[in-house]
Structure formats: structure tokens, C-alpha cells
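S.K.: First, the structure itself, so that you have it in front of you.
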Amino acid sequence: MIIVLKRGSTVEQIEEVSTRLTEEGLKVHLSQGVEKTIMGAIGDRQKIESLDLEALPWVEKVVPILAPYKLVSREFHPADTIIRVGGQEIGGQTVHVMAGPCAVESRAQIMETALAVRESGATFLRGGAFKPRTSPYSFQGLEEEGLRYLAEARDKTGLLVITEVIDARDVDLVAHYSDILQIGARNMQNFILLKEVAKSGKPVLLKRGPSATLEEWMMAAEYIMDGGNYQVMFCERGIRTFESYTRNTLDLSMVPALHALSHLPVIVDPSHGTGKWHLVHPMAKAALAAGADGLIVEVHPHPEKAVSDGKQSLTPERFQSMMHDLSRLAHALDRKLGEESSF
């Protein structure tokens with residue numbers, strides 16, 4: 001249920017409603033906007049109704065949330081969520097580009113890539129230190145050594161780091177080195193992992209599972225928010241369809257759909273969404289036009305030598321060309337690309 005308080009409600013009045021709810025064993029989540037204060041109450045609906053909160057003069061209305069996702073819902077939080085990480089803000093009018101290789105292969109490789117993408121306007125460095133692979137014989141990542149290289153690249157360039165965590169046992173380790181924790185598509189419904197990243201206090205990028213519905217994806221985000229971490233971003237990275245030409249089918253309709261249903265930022269991954277480097281540039285522009293709050297793109301100094309995903313990785317030169325076009329498009333859409341934070 002959502003309890004909407006009247007404009008001008010005092011701290012004491014808000015506390016009284018909160019106390020009534022918690023005494024009944026309900027979870028309470030407070031959302032204070034410029035105009036009104038909204039309280040989300042999660043638990044037994046009959047208990048909420050029995051409190052007769054609308055009898056209080058400072059309560060405007062009590063509204064049931066019919067969707068299974070509550071905290072993720074725009075009904076609960078009408079205003080867009082802005083996620084602040086380092087000196088950057090994700091959401092709103094600024095579009096951030098996260099760029100880097102699929103896998104951290106060496107110190108030299110990640111440093112060269114970081115310098116190149118920063119020069120072209122990226123604000124976040126992506127790179128996998130832990131790599132979940134379909135084949136057990138494929139490169140599995142440098143693990144903590146890779147995390148150290150990412151942190152060193154951040155210190156040298158000022159780019160904030162986003163990297164994937166694949167095991168609940170590694171959450172603290174990955175959180176120690178990174179600024180954003182990425183949950184990969186294979187782990188979207190790994191609920192134990194979702195609960196652990198909720199405890200980390202770090203922003204979370206939640207990728208869509210290859211066969212996940214919109215509701216399943218939003219419910220996965222609900223797990224993280226229910227754990228107390230409201231810093232969640234959706235990432236559309238394509239879904240599995242009958243089409244075999246592209247690696248996945250990039251479902252850009254999810255960008256406006258998520259913005260309509262949820263207050264959380266939406267990032268698009270055109271690299272995994274297509275699997276072909278020559279499709280990344282046009283689909284990145286399409287994602288921005290659809291309203292994406294950011295992009296996560298694979299860039300490698302030598303894609304032909306990449307240990308993973310070379311076919312979908314841009315060279316630094318192609319990345320620079322894409323960023324030039326994105327800057328012009330953002331301006332036309334009355335938005336702007338993120339700028340490098342001071343470090």
C-alpha cells in the first residue's frame with residue numbers, strides 16, 4: 001500500500017504513521033518529494049486497512065499497489081531516482097557511457113583502454129575480472145589481480161569502475177575495488193547473490209536475463225531494494241529470440257516501458273545486444289533516442305586478439321567516432337554526455 005501524506009506534514013506526523021505501521025510488523029519505506037511525502041507499506045494488506053490511516057487529518061489517501069513489485073514501482077516513487085556515485089550522477093538529463101574490455105587481460109591492456117575511452121568522453125571503466133563462461137575451458141578472468149588493475153586504472157584516469165560479481169562469496173572483495181557492482185544476465189535471478197549485493201551499499205547494475213520478462217526483471221530489482229539498497233539500475237542487454245544473425249535481440253522498447261513503470265535509471269548494452277561491432281554504433285544512438293540514461297559498451301585496443309567478445313568490441317578509434325555522434329544526438333535531445341569527474 002502507498003500512504004500519501006498531505007503537503008506540510010510534520011516530522012512528528014510522519015513518525016506517527018510509521019510507528020503505527022511498524023508496530024503491525026509492516027516494512028516502511030519513506031519517499032519525500034518536493035510536493036508530498038509518500039510512505040510505502042509492505043506486508044499484510046488487511047493489517048494496513050485495519051489501521052484506518054485515512055482518518056488521520058494529515059493523510060491524503062491510502063492506495064493499494066496492485067503490481068507485485070512495490071519499491072521499484074513509480075507509484076511508490078514518482079520522481080526519477082538519481083544515483084550518485086563518486087562525482088557522477090546517473091539519471092536525469094545526463095547520459096553516461098561506460099566503456100572497456102569484456103575481460104581484464106593484463107595491466108597494459110586495461111590501462112591502454114582506460115586512457116583511450118577517457119580521452120573520447122567515457123566516464124566509467126568497465127571490465128570483467130571474474131568471467132562466467134559457457135565453456136569451462138574458456139578464460140575465466142584474472143580475479144583479484146584483475147580487480148587491482150581496474151582500481152589502478154581508476155587512480156590514473158579518474159574513471160569510476162564497474163565490474164561483475166558472480167558469486168555471493170566475492171561481493172565484499174569486488175565491492176572493495178569497484179564503484180558499481182554488475183549483476184550479469186545469467187545471475188539476474190540468483191536471489192542469494194541479489195541479497196548479498198543489497199548489503200554492500202554499492203550501486204548495482206542489474207542486467208536482464210536472456211529470457212526474462214519485464215515483470216521478472218523488475219522483481220529481481222525488488223530483491224535488491226527490499227534488502228535496503230535503493231541504488232539500482234536496469235541494463236537492457238538483449239534477449240534470446242529465434243533470430244540467429246545477431247547474438248541477441250536488443251529490446252529497446254524496454255527503455256520507455258521501464259521509465260513508465262519504474263523510477264530507476266535504465267542503461268543499454270548494445271555490445272551484448274547485437275554481438276557485432278558494426279551494429280554497436282547505430283544501436284547506441286537508437287538507445288539514446290529511446291531515452292536510455294547510459295550505455296555500457298565493449299572497447300578493446302586489439303579486438304582481433306581479445307580473449308573474449310572480440311567480435312562485438314569497438315576499437316578506440318571506432319569508439320571515438322561513436323562518442324562524437326552521441327554528443328551531437330544528446331544535444332539534439334536536450335541532454336548531455338557525462339563529463340570526467342575531478343580526481
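Identifiers for the C-alpha cells are assigned positionally: chains receive A, B, ... in sequence, residues are indexed from 1 per chain, and ligands are indexed from 1 in the order shown.
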Considering only C-alpha atoms, return as a PDB file with N, CA and C atoms, in the first residue's frame whatever protein or nucleic-acid residues lie within 7 Å of region 187-194 of chain A, sequence-local ones (same chain, fewer than 3 positions apart) excluded.
M.R.:
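Written out: result38.pdb:
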ATOM      1  N   ASP A 167      29.592 -14.344  -7.652  1.00  0.00           N
ATOM      2  CA  ASP A 167      29.425 -15.265  -6.526  1.00  0.00           C
ATOM      3  C   ASP A 167      29.180 -14.464  -5.257  1.00  0.00           C
ATOM      4  N   ALA A 168      28.207 -14.887  -4.475  1.00  0.00           N
ATOM      5  CA  ALA A 168      27.883 -14.186  -3.231  1.00  0.00           C
ATOM      6  C   ALA A 168      29.087 -14.110  -2.298  1.00  0.00           C
ATOM      7  N   ILE A 183      25.487  -7.154 -11.981  1.00  0.00           N
ATOM      8  CA  ILE A 183      24.907  -8.493 -11.936  1.00  0.00           C
ATOM      9  C   ILE A 183      24.649  -8.905 -13.374  1.00  0.00           C
ATOM     10  N   GLY A 184      25.336  -9.949 -13.823  1.00  0.00           N
ATOM     11  CA  GLY A 184      25.219 -10.374 -15.208  1.00  0.00           C
ATOM     12  C   GLY A 184      23.898 -11.051 -15.505  1.00  0.00           C
ATOM     13  N   VAL A 197      24.413  -8.393  -2.629  1.00  0.00           N
ATOM     14  CA  VAL A 197      24.792  -7.087  -3.162  1.00  0.00           C
ATOM     15  C   VAL A 197      23.939  -5.985  -2.533  1.00  0.00           C
ATOM     16  N   ALA A 198      22.751  -6.336  -2.071  1.00  0.00           N
ATOM     17  CA  ALA A 198      21.914  -5.353  -1.370  1.00  0.00           C
ATOM     18  C   ALA A 198      22.603  -4.871  -0.101  1.00  0.00           C
ATOM     19  N   LEU A 206      21.828  -4.076 -12.843  1.00  0.00           N
ATOM     20  CA  LEU A 206      21.154  -5.371 -12.961  1.00  0.00           C
ATOM     21  C   LEU A 206      20.821  -5.650 -14.420  1.00  0.00           C
ATOM     22  N   LYS A 207      21.551  -6.590 -15.022  1.00  0.00           N
ATOM     23  CA  LYS A 207      21.299  -6.944 -16.410  1.00  0.00           C
ATOM     24  C   LYS A 207      20.084  -7.853 -16.529  1.00  0.00           C
ATOM     25  N   ARG A 208      19.404  -7.708 -17.640  1.00  0.00           N
ATOM     26  CA  ARG A 208      18.223  -8.527 -17.907  1.00  0.00           C
ATOM     27  C   ARG A 208      18.635  -9.941 -18.327  1.00  0.00           C
ATOM     28  N   GLY A 209      17.973 -10.933 -17.775  1.00  0.00           N
ATOM     29  CA  GLY A 209      18.224 -12.306 -18.172  1.00  0.00           C
ATOM     30  C   GLY A 209      17.848 -12.518 -19.624  1.00  0.00           C
ATOM     31  N   ALA A 220      13.403  -8.941  -9.738  1.00  0.00           N
ATOM     32  CA  ALA A 220      14.795  -9.132  -9.337  1.00  0.00           C
ATOM     33  C   ALA A 220      15.339  -7.851  -8.707  1.00  0.00           C
ATOM     34  N   TYR A 223      14.201  -7.430  -5.136  1.00  0.00           N
ATOM     35  CA  TYR A 223      15.003  -8.138  -4.141  1.00  0.00           C
ATOM     36  C   TYR A 223      16.095  -7.233  -3.577  1.00  0.00           C
ATOM     37  N   ILE A 224      16.777  -6.515  -4.460  1.00  0.00           N
ATOM     38  CA  ILE A 224      17.875  -5.650  -4.027  1.00  0.00           C
ATOM     39  C   ILE A 224      17.348  -4.490  -3.196  1.00  0.00           C
TER      40      ILE A 224
END
S.K.: List as a list in words the protein and nucleic acid residues near region 322-334 of chain A, meaning an atom at most 9 Å away when only C-alpha atoms are counted, but skip any in the same chain fewer than 6 places from it.
M.R.: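 Near region 322-334 of chain A, the qualifying residues are Gln93, Thr94, Val95, Val97, Ser120, Gly121, Ala122, Val280, His281, Pro282, Ala284, Lys285, Leu288 and Ala289 of chain A.
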S.K.: What lies within 8 Å of Gly92 (chain A) using only C-alpha atoms, ignoring chain neighbours under 6 positions off, as a short mmCIF file (atom, residue, chain, number, x, y, z; two decimals) with all heavy atoms, in the first residue's frame?
M.R.:
data_model
loop_
_atom_site.label_atom_id
_atom_site.label_comp_id
_atom_site.auth_asym_id
_atom_site.auth_seq_id
_atom_site.Cartn_x
_atom_site.Cartn_y
_atom_site.Cartn_z
N ASP A 80 12.05 10.54 -10.74
CA ASP A 80 13.16 9.71 -11.19
C ASP A 80 14.22 9.61 -10.10
O ASP A 80 14.56 10.60 -9.45
CB ASP A 80 13.81 10.31 -12.44
CG ASP A 80 12.92 10.23 -13.67
OD1 ASP A 80 11.97 9.42 -13.65
OD2 ASP A 80 13.17 10.97 -14.63
N ILE A 82 17.94 9.43 -8.93
CA ILE A 82 19.28 9.84 -9.38
C ILE A 82 20.28 9.10 -8.51
O ILE A 82 20.26 9.23 -7.28
CB ILE A 82 19.49 11.36 -9.26
CG1 ILE A 82 18.39 12.13 -10.00
CG2 ILE A 82 20.88 11.74 -9.77
CD1 ILE A 82 18.37 11.92 -11.48
N ASP A 293 19.47 6.17 -20.04
CA ASP A 293 20.22 7.04 -19.14
C ASP A 293 21.72 6.81 -19.24
O ASP A 293 22.50 7.56 -18.65
CB ASP A 293 19.77 6.80 -17.69
CG ASP A 293 18.30 7.13 -17.49
OD1 ASP A 293 17.94 8.31 -17.67
OD2 ASP A 293 17.52 6.22 -17.18
#
S.K.: When DSSP works through the backbone of this structure, what residues of region 220-342 of chain A end up as alpha helix (DSSP H), shown as number ranges by chain?
M.R.: A: 220-226, 254-261, 270-274, 277-290, 316-332
S.K.: Figure out the distance between CA of Leu160 (chain A) and CA of His96 (chain A), please, to one decimal in Å.
M.R.: 11.1 Å
S.K.: Pick out the closest residue to Ser200 (chain A) from this set: A:Val255, A:Ala99, A:Leu147, A:Met225. Count only C-alpha atoms.
M.R.: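 Answer, going by the shortest atom-to-atom distance: A:Met225.
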